[in-house]
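Chemist: structure01.txt is the file, holding compact mmCIF, C-alpha atoms:
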```txt
# COMPACT_ATOMS: atom_id res chain seq x y z
CA MET A 1 37.57 149.81 -16.71
CA ASP A 2 41.07 149.18 -18.06
CA HIS A 3 41.52 149.50 -21.80
CA ILE A 4 42.93 146.34 -23.39
CA ARG A 5 44.52 146.82 -26.79
CA GLY A 6 42.88 144.52 -29.31
CA ILE A 7 39.56 144.29 -27.43
CA GLN A 8 36.50 146.52 -27.91
CA HIS A 9 35.10 145.72 -24.47
CA ASP A 10 31.43 146.61 -24.83
CA ALA A 11 30.94 145.19 -28.32
CA VAL A 12 32.77 141.96 -27.55
CA SER A 13 30.85 141.57 -24.29
CA ALA A 14 27.58 141.92 -26.20
CA TRP A 15 28.75 139.25 -28.65
CA PHE A 16 29.55 136.90 -25.75
CA GLU A 17 26.10 137.47 -24.26
CA ALA A 18 24.48 136.57 -27.58
CA HIS A 19 26.61 133.55 -28.49
CA VAL A 20 28.07 131.89 -25.35
CA PRO A 21 25.47 130.00 -23.30
CA GLY A 22 25.43 130.84 -19.60
CA VAL A 23 27.99 133.65 -19.74
CA ALA A 24 27.62 136.23 -16.96
CA LEU A 25 28.62 139.84 -17.59
CA PRO A 26 30.72 141.83 -16.91
CA LEU A 27 33.76 140.29 -18.56
CA THR A 28 37.42 140.91 -17.90
CA PHE A 29 40.11 140.43 -20.54
CA GLU A 30 43.77 139.59 -20.09
CA LEU A 31 46.41 139.23 -22.82
CA MET A 32 47.98 135.83 -22.19
CA ALA A 33 51.71 135.19 -22.33
CA GLY A 34 53.13 133.31 -25.28
CA GLY A 35 52.41 133.35 -28.97
CA HIS A 36 54.24 135.57 -31.44
CA SER A 37 51.50 135.87 -34.03
CA ASN A 38 47.77 135.82 -33.26
CA LEU A 39 46.77 137.49 -30.00
CA THR A 40 45.28 135.26 -27.31
CA PHE A 41 43.17 136.67 -24.47
CA LYS A 42 41.88 134.98 -21.35
CA VAL A 43 38.32 136.07 -20.67
CA ALA A 44 36.67 135.68 -17.26
CA ASP A 45 32.99 136.27 -16.58
CA ALA A 46 31.30 137.43 -13.37
CA HIS A 47 30.98 133.83 -12.10
CA GLY A 48 34.65 133.03 -12.68
CA GLN A 49 34.00 130.94 -15.80
CA CYS A 50 36.94 131.35 -18.20
CA TYR A 51 37.18 131.39 -21.97
CA VAL A 52 39.83 132.12 -24.59
CA LEU A 53 39.50 134.67 -27.39
CA ARG A 54 41.82 134.58 -30.40
CA ARG A 55 42.25 137.41 -32.89
CA PRO A 56 44.89 138.51 -35.45
CA PRO A 57 47.80 140.83 -34.59
CA LEU A 58 47.12 144.55 -34.32
CA TYR A 59 49.03 145.52 -37.47
CA GLN A 60 50.97 144.16 -40.43
CA VAL A 61 48.75 141.19 -41.20
CA LEU A 62 49.94 139.20 -44.22
CA ALA A 63 47.23 138.53 -46.76
CA THR A 64 46.76 134.79 -46.14
CA ALA A 65 47.82 134.63 -42.50
CA HIS A 66 45.89 134.77 -39.23
CA ASP A 67 42.64 133.31 -40.63
CA MET A 68 40.30 133.07 -37.66
CA GLY A 69 37.62 131.23 -39.62
CA ARG A 70 40.10 128.56 -40.56
CA GLU A 71 41.32 128.04 -36.98
CA HIS A 72 37.77 127.88 -35.68
CA LYS A 73 36.74 125.38 -38.36
CA ILE A 74 39.65 123.06 -37.51
CA ILE A 75 39.03 123.09 -33.75
CA ALA A 76 35.28 122.58 -34.17
CA ALA A 77 35.83 119.69 -36.60
CA LEU A 78 38.25 117.91 -34.26
CA THR A 79 35.99 118.10 -31.20
CA ASP A 80 34.70 114.52 -31.45
CA THR A 81 37.98 112.90 -32.54
CA ASP A 82 40.88 111.48 -30.52
CA VAL A 83 42.65 114.85 -30.85
CA PRO A 84 42.29 116.88 -27.63
CA VAL A 85 41.14 120.41 -28.45
CA PRO A 86 39.22 123.08 -26.54
CA ARG A 87 35.48 123.32 -27.19
CA ALA A 88 34.71 126.08 -29.69
CA PHE A 89 31.87 128.48 -28.84
CA GLY A 90 31.72 130.57 -31.98
CA LEU A 91 33.32 132.71 -34.65
CA CYS A 92 32.72 136.42 -35.20
CA GLU A 93 33.55 137.64 -38.70
CA ASP A 94 31.78 140.99 -38.30
CA GLU A 95 34.71 143.41 -38.05
CA SER A 96 32.47 146.13 -36.64
CA VAL A 97 32.51 144.19 -33.36
CA ASN A 98 36.26 144.09 -32.72
CA GLU A 99 37.99 145.48 -35.83
CA ARG A 100 39.20 142.00 -36.78
CA PRO A 101 37.52 138.57 -36.83
CA PHE A 102 37.87 136.51 -33.66
CA TYR A 103 36.71 133.23 -32.21
CA VAL A 104 36.04 132.01 -28.69
CA MET A 105 36.82 128.64 -27.17
CA ASP A 106 36.89 127.01 -23.77
CA PHE A 107 39.73 127.75 -21.37
CA VAL A 108 41.53 124.47 -20.66
CA ASP A 109 43.27 124.37 -17.31
CA GLY A 110 46.71 122.78 -17.19
CA LYS A 111 50.42 123.42 -17.66
CA VAL A 112 52.12 124.95 -20.68
CA VAL A 113 55.82 124.07 -20.55
CA ARG A 114 57.59 126.90 -22.38
CA SER A 115 61.05 126.97 -20.80
CA ARG A 116 63.57 124.95 -18.83
CA ARG A 117 62.28 126.65 -15.68
CA HIS A 118 58.82 125.25 -16.43
CA ALA A 119 60.36 121.86 -17.21
CA VAL A 120 62.16 121.75 -13.87
CA ALA A 121 58.81 122.29 -12.15
CA LEU A 122 57.53 119.16 -13.93
CA ALA A 123 58.46 115.94 -12.10
CA PRO A 124 60.83 113.67 -14.09
CA ASP A 125 58.18 110.96 -14.54
CA ARG A 126 55.82 113.63 -15.90
CA ARG A 127 58.48 114.68 -18.42
CA ARG A 128 58.63 111.13 -19.73
CA ALA A 129 54.84 110.90 -19.75
CA ALA A 130 54.64 114.19 -21.64
CA SER A 131 57.09 112.90 -24.24
CA GLN A 132 54.99 109.81 -24.85
CA SER A 133 51.74 111.77 -24.96
CA ILE A 134 53.16 114.39 -27.35
CA ALA A 135 54.17 111.62 -29.79
CA GLN A 136 50.88 109.76 -29.43
CA THR A 137 48.82 112.93 -29.85
CA LEU A 138 50.62 113.77 -33.08
CA ALA A 139 49.80 110.27 -34.31
CA HIS A 140 46.14 110.93 -33.43
CA ILE A 141 46.21 114.17 -35.43
CA HIS A 142 47.67 112.36 -38.42
CA ALA A 143 45.11 109.52 -38.17
CA VAL A 144 42.09 111.82 -38.60
CA ASP A 145 40.01 111.08 -41.70
CA VAL A 146 39.79 114.62 -43.01
CA ASP A 147 36.83 113.94 -45.29
CA GLU A 148 34.87 112.28 -42.50
CA VAL A 149 35.24 115.25 -40.12
CA GLY A 150 34.55 117.88 -42.78
CA LEU A 151 38.12 119.10 -43.35
CA GLY A 152 38.64 117.60 -46.80
CA ASP A 153 38.43 121.08 -48.31
CA LEU A 154 40.89 122.67 -45.87
CA GLY A 155 43.57 122.80 -48.56
CA ARG A 156 45.08 121.01 -51.50
CA LYS A 157 46.22 117.53 -50.55
CA GLU A 158 48.95 117.08 -53.15
CA ASP A 159 52.40 118.69 -53.58
CA TYR A 160 52.51 119.93 -49.97
CA ILE A 161 56.28 120.39 -49.70
CA ALA A 162 56.59 122.22 -53.04
CA ARG A 163 53.78 124.57 -52.03
CA GLN A 164 55.31 125.17 -48.60
CA LEU A 165 58.71 125.96 -50.09
CA ARG A 166 57.09 128.54 -52.37
CA ARG A 167 54.95 130.00 -49.59
CA TRP A 168 57.65 130.48 -47.01
CA LEU A 169 60.21 131.80 -49.48
CA ARG A 170 57.64 134.36 -50.64
CA GLN A 171 56.75 135.39 -47.09
CA PHE A 172 60.43 135.58 -46.17
CA GLU A 173 61.02 137.94 -49.09
CA GLU A 174 58.00 140.05 -48.12
CA SER A 175 59.04 140.43 -44.47
CA LYS A 176 62.83 140.08 -44.39
CA THR A 177 64.80 142.62 -42.39
CA GLN A 178 68.12 141.74 -44.02
CA ASP A 179 69.46 139.69 -46.92
CA ARG A 180 70.10 136.02 -46.17
CA PRO A 181 71.26 134.31 -49.38
CA GLN A 182 71.40 130.91 -47.65
CA ILE A 183 67.59 130.94 -47.48
CA GLN A 184 67.42 130.91 -51.28
CA GLU A 185 70.26 128.37 -51.52
CA VAL A 186 68.65 125.87 -49.16
CA HIS A 187 65.30 126.42 -50.88
CA ASP A 188 66.78 125.58 -54.28
CA HIS A 189 68.59 122.52 -52.90
CA LEU A 190 65.38 121.16 -51.37
CA VAL A 191 63.18 121.95 -54.37
CA ALA A 192 65.33 119.64 -56.48
CA ARG A 193 65.03 116.76 -53.97
CA ILE A 194 61.41 116.65 -52.81
CA PRO A 195 60.41 113.08 -51.83
CA ASP A 196 57.26 111.51 -53.21
CA GLN A 197 54.32 112.37 -50.98
CA GLY A 198 52.26 109.58 -49.50
CA GLU A 199 48.64 109.80 -48.40
CA ALA A 200 47.74 113.32 -47.32
CA GLY A 201 46.47 114.12 -43.86
CA ILE A 202 46.24 116.94 -41.34
CA VAL A 203 49.50 118.84 -40.89
CA HIS A 204 49.41 120.98 -37.73
CA GLY A 205 52.33 123.07 -39.00
CA ASP A 206 53.73 124.17 -35.62
CA TYR A 207 53.36 121.17 -33.35
CA ARG A 208 55.60 121.34 -30.29
CA LEU A 209 55.56 120.92 -26.51
CA ASP A 210 54.59 124.51 -25.68
CA ASN A 211 51.68 124.45 -28.13
CA CYS A 212 50.09 121.80 -25.95
CA ILE A 213 48.46 121.99 -22.52
CA LEU A 214 49.46 119.20 -20.14
CA GLY A 215 47.32 117.64 -17.44
CA GLU A 216 48.37 116.56 -13.96
CA GLN A 217 49.92 113.29 -15.18
CA GLY A 218 51.81 114.97 -18.02
CA GLN A 219 49.28 113.95 -20.65
CA VAL A 220 48.23 116.31 -23.46
CA VAL A 221 44.78 117.71 -22.66
CA ALA A 222 44.62 120.29 -25.47
CA VAL A 223 46.53 121.10 -28.66
CA LEU A 224 46.68 124.82 -29.46
CA ASP A 225 47.81 127.23 -32.22
CA TRP A 226 46.28 125.74 -35.36
CA GLU A 227 46.92 128.82 -37.53
CA LEU A 228 49.42 127.04 -39.83
CA CYS A 229 47.34 123.87 -40.13
CA THR A 230 46.58 122.51 -43.59
CA LEU A 231 46.47 119.23 -45.49
CA GLY A 232 49.53 117.55 -46.90
CA ASP A 233 52.66 115.58 -46.05
CA ARG A 234 52.42 114.48 -42.41
CA ASN A 235 56.16 113.70 -42.30
CA ALA A 236 56.84 117.44 -42.18
CA ASP A 237 54.99 117.65 -38.85
CA VAL A 238 57.16 114.93 -37.31
CA ALA A 239 60.33 116.72 -38.41
CA GLN A 240 59.06 120.08 -37.14
CA LEU A 241 58.45 118.56 -33.71
CA LEU A 242 62.00 117.22 -33.63
CA VAL A 243 63.45 120.54 -34.85
CA TYR A 244 62.05 122.08 -31.66
CA TRP A 245 62.89 119.06 -29.47
CA ALA A 246 66.28 119.94 -27.98
CA GLU A 247 68.45 117.53 -26.01
CA PRO A 248 70.65 118.35 -22.96
CA ASP A 249 73.93 118.10 -24.91
CA ASP A 250 72.89 120.11 -27.99
CA LEU A 251 75.28 122.94 -28.89
CA GLU A 252 72.76 124.61 -31.20
CA VAL A 253 69.02 124.73 -30.56
CA ALA A 254 66.03 126.10 -32.45
CA LEU A 255 64.50 127.82 -29.40
CA ASP A 256 66.15 130.26 -26.98
CA ASP A 257 65.20 128.31 -23.86
CA PRO A 258 64.03 124.85 -24.95
CA PRO A 259 62.24 122.97 -22.15
CA THR A 260 63.18 119.55 -23.52
CA ALA A 261 66.88 120.34 -22.95
CA GLU A 262 66.14 119.47 -19.33
CA SER A 263 66.84 115.83 -18.47
CA GLY A 264 63.95 113.40 -18.24
CA PHE A 265 62.37 114.01 -21.65
CA ALA A 266 62.72 111.42 -24.39
CA SER A 267 65.52 111.94 -26.92
CA ARG A 268 64.76 112.90 -30.52
CA ALA A 269 65.44 109.32 -31.63
CA GLU A 270 63.07 108.03 -28.96
CA MET A 271 60.41 110.56 -29.98
CA PHE A 272 60.73 109.41 -33.58
CA ASP A 273 60.30 105.77 -32.52
CA LEU A 274 57.38 106.62 -30.21
CA TYR A 275 55.62 108.34 -33.09
CA LEU A 276 56.23 105.44 -35.49
CA GLU A 277 54.90 102.99 -32.91
CA ALA A 278 51.80 105.07 -32.19
CA SER A 279 51.04 105.83 -35.83
CA GLY A 280 52.00 102.54 -37.44
CA ARG A 281 53.64 104.54 -40.22
CA ASP A 282 57.09 104.37 -41.83
CA ILE A 283 59.00 107.52 -42.83
CA ASP A 284 61.59 107.61 -45.60
CA SER A 285 63.96 110.46 -46.51
CA PHE A 286 63.73 111.93 -43.02
CA ASP A 287 66.92 114.00 -43.48
CA PHE A 288 65.05 115.99 -46.12
CA TYR A 289 62.18 116.76 -43.76
CA MET A 290 64.54 117.87 -40.98
CA ALA A 291 66.31 120.28 -43.35
CA PHE A 292 62.94 121.60 -44.49
CA GLY A 293 61.87 122.04 -40.85
CA TYR A 294 64.89 124.16 -39.91
CA TRP A 295 64.52 126.23 -43.08
CA LYS A 296 60.80 126.82 -42.57
CA LEU A 297 61.30 127.88 -38.96
CA ALA A 298 64.00 130.36 -40.00
CA CYS A 299 61.55 131.91 -42.47
CA ILE A 300 58.77 132.02 -39.87
CA LEU A 301 60.90 133.66 -37.19
CA GLU A 302 62.16 136.28 -39.64
CA GLY A 303 58.51 137.16 -40.22
CA VAL A 304 57.81 137.22 -36.47
CA TYR A 305 60.73 139.57 -35.93
CA SER A 306 59.51 141.80 -38.75
CA ARG A 307 56.06 142.02 -37.10
CA TYR A 308 57.62 142.96 -33.76
CA VAL A 309 59.63 145.70 -35.45
CA GLY A 310 56.43 146.91 -37.12
CA GLY A 311 54.50 146.97 -33.83
CA ALA A 312 52.14 144.11 -34.69
CA MET A 313 52.51 142.62 -31.21
CA GLY A 314 51.27 145.65 -29.31
CA ASP A 315 54.52 147.62 -29.38
CA LYS A 316 56.37 144.98 -27.37
CA ALA A 317 60.11 144.69 -27.87
CA PRO A 318 61.32 141.53 -29.62
CA PRO A 319 61.81 138.69 -27.12
CA GLN A 320 65.25 138.74 -25.48
CA GLY A 321 65.98 141.91 -27.45
CA ALA A 322 66.56 142.45 -31.14
CA GLU A 323 70.15 141.23 -31.18
CA SER A 324 69.26 137.87 -29.65
CA PHE A 325 66.29 137.42 -31.95
CA VAL A 326 68.35 138.08 -35.07
CA ALA A 327 70.97 135.64 -33.76
CA ARG A 328 68.25 132.97 -33.39
CA VAL A 329 67.34 133.34 -37.06
CA ASP A 330 71.05 133.17 -37.97
CA THR A 331 71.38 129.92 -35.99
CA LEU A 332 68.38 128.38 -37.73
CA VAL A 333 69.72 129.35 -41.15
CA ASP A 334 73.00 127.63 -40.26
CA MET A 335 71.16 124.56 -38.98
CA ALA A 336 69.09 124.41 -42.16
CA THR A 337 72.21 124.69 -44.30
CA SER A 338 73.98 121.90 -42.39
CA ALA A 339 70.92 119.66 -42.53
CA ALA A 340 70.45 120.30 -46.25
CA GLU A 341 74.03 119.16 -46.89
CA GLN A 342 72.99 115.72 -45.63
CA VAL A 343 70.27 115.48 -48.28
CA ALA A 344 71.73 113.89 -51.38
```
Step by step, read the file and then write its structure as C-alpha cells.
Modeler:
Amino acid sequence: MDHIRGIQHDAVSAWFEAHVPGVALPLTFELMAGGHSNLTFKVADAHGQCYVLRRPPLYQVLATAHDMGREHKIIAALTDTDVPVPRAFGLCEDESVNERPFYVMDFVDGKVVRSRRHAVALAPDRRRAASQSIAQTLAHIHAVDVDEVGLGDLGRKEDYIARQLRRWLRQFEESKTQDRPQIQEVHDHLVARIPDQGEAGIVHGDYRLDNCILGEQGQVVAVLDWELCTLGDRNADVAQLLVYWAEPDDLEVALDDPPTAESGFASRAEMFDLYLEASGRDIDSFDFYMAFGYWKLACILEGVYSRYVGGAMGDKAPPQGAESFVARVDTLVDMATSAAEQVA
C-alpha cells in the first residue's frame, strides 16, 4: 500500500467506515491538483464511489487559519440553499486519527477551469454560460439569510473591511519573505477611506472561476474552498472575483495563467453588471474594493509562498519556480498601489 503524506490510512479508513454510510473498504487516497493551502484528497472506495477529504497543510499552520470545523459548518449549512455545495459527510476533530482535523464531503464530478488550456477545451458558448453562472452563484451566496441557516455566529458582522485590513497586514508581517513597504502604504491609504458597510452577509473570501466546479452546460455545480469565508461586506467578494477575472488584452494579471483571458468569457464590466442584475444590489465606492482586493491577494500569496518555502505543501517547489512566484506578488503589489491611487 502506497504511503500518502497527510493520510494515516488505517485510522482514516476506520473513521470512514464508522461515519460514511455505505462506504466499502479498502480506500485509496490521491492528493488532488490545485489549492495552495489546505490539502485536498480524492478518496475512492472498493465500489468506485468517490469522496473528498480536506485537511490543513502539513506544517507551518497559522493560528487562525485552516479551520476544518469552520469549513464543514459552512458547507453543511448551505446544503439546502440555492448555493451549490458538495454534501458533507462529517468532521473529525480527533487528531489521534490523522494528526490534524479533517472533514469529508461528496466528490462532485465536473470541470475545474484553472488555466487557458482548460478554457480552450471549454466551448465558447460554455464560457459565456460559465460567466453568467459564476455571477449568479455569487448573488445566491450573498442572498443567504445567515441567521436562518445557522451561520449568524460565523463571525462579526460589522467593520469587515477594517478587520480584514488588520488581519492580512498582520499575517503578511508574520510570513513575509522580504520587505515590501508598499503593503503598509496601501494599507494606510485604505484604512483612512473605508466606505460605510451595508447589510452584512456571507463573504466567500476567495471566490473565482477555478474555485467552482462546472457542469456540462457550463453551469456552476459546486462552490469550493470556503476556508476564508466569514460574514461582512459582500462588495469585497465582487471585487475579489474581478481581481482574478482577466481579459484578453490585459498587460498585468493577478494569476499566472488566467483562464478568463481566453476569448468568450464576459468582460469584467459585464460580470459586474451580471452580478448587479442577479443580486438586485447597488455597489458604491467600487474603486476602493478593487484596491483592497489586489492588496489582500498580494498578502495571501506572500503567505502561500512562505508556506511553500517552509515545506507546508509536502515539500513541493513553489509553482512556476520561486522567481516567478515572487514576481507575481510584486505585480499584485504594483496593481494594488495603482488601484489605491484611484481612491480619493
Chemist: Could you state the separation of atom CA of A:His118 and atom CA of A:Leu301 in Å, given to one decimal place?
Modeler: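 For atom CA of A:His118 relative to atom CA of A:Leu301, the distance reads 22.5 Å.
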Chemist: I'd like to know which of A:Trp226, A:Arg208, A:Ser306, A:Asp188 is closest to A:Thr337, using only C-alpha atoms.
Modeler: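 Among A:Trp226, A:Arg208, A:Ser306, A:Asp188, it is A:Asp188 that comes nearest to A:Thr337.
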Chemist: Give me the residues near A:Asp206 as a compact mmCIF listing (two decimals) with C-alpha atoms, in the coordinates of the input, where near means some atom within 8 Å (using all atoms listed in the file) and where sequence neighbours in that chain fewer than 6 positions away do not count.
Modeler:
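That gives us selection25.txt:
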```
# COMPACT_ATOMS: atom_id res chain seq x y z
CA ASP A 225 47.81 127.23 -32.22
CA TRP A 226 46.28 125.74 -35.36
CA LEU A 228 49.42 127.04 -39.83
CA CYS A 229 47.34 123.87 -40.13
CA ASP A 237 54.99 117.65 -38.85
CA GLN A 240 59.06 120.08 -37.14
CA LEU A 241 58.45 118.56 -33.71
```
Chemist: Ranking A:Asp334, A:Asp282, A:Asp125, A:Asp210 by minimum distance to A:Ser263 and counting only C-alpha atoms, which one comes first?
Modeler: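 Under the stated criterion, the closest residue is A:Asp125.
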Chemist: Using only C-alpha atoms, find each residue in stretch 47-115 of chain A having at least one atom no more than 10 Å away from stretch 8-11 of chain A; report its shortest atom-to-atom pair and that distance in Å (one decimal), rows by chain then rising number, as CSV.
Modeler:
```
residue,atom,partner,partner_atom,distance
A:Ser96,CA,A:Ala11,CA,8.5
A:Val97,CA,A:Ala11,CA,5.4
A:Asn98,CA,A:Gln8,CA,5.4
A:Glu99,CA,A:Gln8,CA,8.1
```
Chemist: What residues have an atom no more than 12 Å from (62.6, 116.0, -17.7) in the file's own frame, counting only C-alpha atoms, and can you write them as a VMD selection string?
Modeler: chain A and resid 113 115 to 131 218 246 to 248 258 to 267
Chemist: Which residues come within 9 Å of A:Ala254, counting all atoms listed in the file, excluding same-chain residues fewer than 3 positions away, as a list in words?
Modeler: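 Those residues are Val243, Tyr244, Trp245, Ala246, Asp257, Pro258, Tyr294, Leu297, Ala298, Arg328, Val329, Thr331, Leu332 and Met335 of chain A.
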Chemist: Hey, which of A:Gly205, A:Gly48, A:Pro84, A:Pro101 ends up closest to A:Val12? Count only C-alpha atoms.
Modeler: A:Pro101
Chemist: Write out as a list in words the residues lying within 7 Å of stretch 73-82 of chain A, counting only C-alpha atoms and excluding same-chain residues fewer than 3 positions away.
Modeler: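 With the cut-off at 7 Å, the set is Gly69, Arg70, Val85, Arg87, Ala88, His140, Val149 and Gly150 of chain A.
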Chemist: For A:Lys296, which residue out of A:Phe272, A:Gln197, A:Glu227, A:Leu169 is the nearest one, using only C-alpha atoms?
Modeler: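 Residue with the minimum atom-to-atom distance to A:Lys296: A:Leu169.
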Chemist: Would you compute the distance between atom CA of A:Tyr289 and atom CA of A:Gly303? Give it in Å to one decimal.
Modeler: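 Distance reported for this atom pair: 21.0 Å.
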Chemist: If I take atom CA of A:Cys50 and atom CA of A:Val23, how far is one from the other in Å, to one decimal?
Modeler: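 Straight-line distance from atom CA of A:Cys50 to atom CA of A:Val23 works out to 9.4 Å.
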Chemist: If I wrap all listed atoms of stretch 157-169 of chain A in a box with edges along x, y and z and add 5 Å on each side, what are its centre and edge lengths in Å to one decimal, as JSON?
Modeler:
```
{"center_x": 53.2, "center_y": 124.4, "center_z": -50.3, "size_x": 24.0, "size_y": 24.7, "size_z": 16.6}
```
Chemist: So which residues are close to (29.0, 135.4, -29.1), meaning at most 9 Å away in the file's coordinates with only C-alpha atoms counted, and can you show them as a PyMOL selection string?
Modeler: chain A and resi 12-21+89-92+103-104
Chemist: Here is a test: counting only C-alpha atoms, which residue of A:Leu231, A:Val309, A:Ile283, A:Ile183 is nearest to A:Asp330?
Modeler: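 Closest to A:Asp330, using only C-alpha atoms: A:Ile183.
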Chemist: With all atoms listed in the file as the counted atoms, please give the residues lying no more than 9 Å from A:His187, apart from itself and same-chain residues fewer than 6 positions off, as a PyMOL selection string.
Modeler: chain A and resi 165-166+169+292+295
Chemist: Residues near A:Glu199, anyone? I mean within 9 Å using only C-alpha atoms, not counting same-chain ones fewer than 3 positions away, as a PyMOL selection string.
Modeler: chain A and resi 157-158+232-234
Chemist: Can you sort out stretch 66-74 of chain A so it carries all heavy atoms, written as an mmCIF file, in the frame of the given file?
Modeler:
```cif
data_model
loop_
_atom_site.group_PDB
_atom_site.id
_atom_site.type_symbol
_atom_site.label_atom_id
_atom_site.label_comp_id
_atom_site.auth_asym_id
_atom_site.auth_seq_id
_atom_site.Cartn_x
_atom_site.Cartn_y
_atom_site.Cartn_z
ATOM 1 N N HIS A 66 46.743 134.366 -40.349
ATOM 2 C CA HIS A 66 45.890 134.770 -39.230
ATOM 3 C C HIS A 66 44.405 134.650 -39.562
ATOM 4 O O HIS A 66 43.610 135.526 -39.261
ATOM 5 C CB HIS A 66 46.235 136.196 -38.788
ATOM 6 C CG HIS A 66 47.700 136.466 -38.780
ATOM 7 N ND1 HIS A 66 48.574 135.765 -37.986
ATOM 8 C CD2 HIS A 66 48.471 137.324 -39.509
ATOM 9 C CE1 HIS A 66 49.809 136.195 -38.200
ATOM 10 N NE2 HIS A 66 49.767 137.124 -39.123
ATOM 11 N N ASP A 67 44.014 133.544 -40.215
ATOM 12 C CA ASP A 67 42.640 133.310 -40.630
ATOM 13 C C ASP A 67 41.860 132.713 -39.473
ATOM 14 O O ASP A 67 41.968 131.526 -39.169
ATOM 15 C CB ASP A 67 42.645 132.377 -41.846
ATOM 16 C CG ASP A 67 41.271 132.222 -42.462
ATOM 17 O OD1 ASP A 67 40.274 132.426 -41.746
ATOM 18 O OD2 ASP A 67 41.199 131.896 -43.665
ATOM 19 N N MET A 68 41.049 133.531 -38.832
ATOM 20 C CA MET A 68 40.300 133.070 -37.660
ATOM 21 C C MET A 68 39.257 132.027 -38.039
ATOM 22 O O MET A 68 39.018 131.070 -37.293
ATOM 23 C CB MET A 68 39.604 134.259 -36.982
ATOM 24 C CG MET A 68 40.560 135.285 -36.393
ATOM 25 S SD MET A 68 41.551 134.624 -35.018
ATOM 26 C CE MET A 68 43.079 134.214 -35.865
ATOM 27 N N GLY A 69 38.615 132.203 -39.183
ATOM 28 C CA GLY A 69 37.620 131.230 -39.620
ATOM 29 C C GLY A 69 38.215 129.862 -39.816
ATOM 30 O O GLY A 69 37.596 128.832 -39.480
ATOM 31 N N ARG A 70 39.412 129.829 -40.325
ATOM 32 C CA ARG A 70 40.100 128.560 -40.560
ATOM 33 C C ARG A 70 40.428 127.866 -39.238
ATOM 34 O O ARG A 70 40.176 126.671 -39.065
ATOM 35 C CB ARG A 70 41.374 128.839 -41.365
ATOM 36 C CG ARG A 70 42.140 127.613 -41.794
ATOM 37 C CD ARG A 70 43.410 128.052 -42.530
ATOM 38 N NE ARG A 70 44.152 126.924 -43.045
ATOM 39 C CZ ARG A 70 43.918 126.340 -44.209
ATOM 40 N NH1 ARG A 70 42.936 126.779 -44.979
ATOM 41 N NH2 ARG A 70 44.651 125.312 -44.615
ATOM 42 N N GLU A 71 41.004 128.616 -38.294
ATOM 43 C CA GLU A 71 41.320 128.040 -36.980
ATOM 44 C C GLU A 71 40.069 127.489 -36.308
ATOM 45 O O GLU A 71 40.062 126.387 -35.763
ATOM 46 C CB GLU A 71 41.973 129.082 -36.074
ATOM 47 C CG GLU A 71 43.441 129.316 -36.308
ATOM 48 C CD GLU A 71 44.068 130.093 -35.154
ATOM 49 O OE1 GLU A 71 43.833 129.717 -33.981
ATOM 50 O OE2 GLU A 71 44.790 131.069 -35.424
ATOM 51 N N HIS A 72 39.006 128.289 -36.332
ATOM 52 C CA HIS A 72 37.770 127.880 -35.680
ATOM 53 C C HIS A 72 37.211 126.612 -36.330
ATOM 54 O O HIS A 72 36.756 125.682 -35.639
ATOM 55 C CB HIS A 72 36.738 129.016 -35.758
ATOM 56 C CG HIS A 72 35.402 128.650 -35.187
ATOM 57 N ND1 HIS A 72 34.369 128.170 -35.974
ATOM 58 C CD2 HIS A 72 34.924 128.664 -33.918
ATOM 59 C CE1 HIS A 72 33.322 127.932 -35.215
ATOM 60 N NE2 HIS A 72 33.636 128.223 -33.962
ATOM 61 N N LYS A 73 37.254 126.547 -37.636
ATOM 62 C CA LYS A 73 36.740 125.380 -38.360
ATOM 63 C C LYS A 73 37.496 124.113 -37.957
ATOM 64 O O LYS A 73 36.896 123.053 -37.741
ATOM 65 C CB LYS A 73 36.865 125.610 -39.864
ATOM 66 C CG LYS A 73 36.444 124.418 -40.714
ATOM 67 C CD LYS A 73 36.585 124.731 -42.195
ATOM 68 C CE LYS A 73 36.175 123.529 -43.047
ATOM 69 N NZ LYS A 73 36.234 123.841 -44.506
ATOM 70 N N ILE A 74 38.815 124.219 -37.846
ATOM 71 C CA ILE A 74 39.650 123.060 -37.510
ATOM 72 C C ILE A 74 39.315 122.566 -36.104
ATOM 73 O O ILE A 74 39.079 121.369 -35.879
ATOM 74 C CB ILE A 74 41.137 123.418 -37.620
ATOM 75 C CG1 ILE A 74 41.509 123.682 -39.082
ATOM 76 C CG2 ILE A 74 42.007 122.317 -37.035
ATOM 77 C CD1 ILE A 74 42.826 124.411 -39.254
#
```
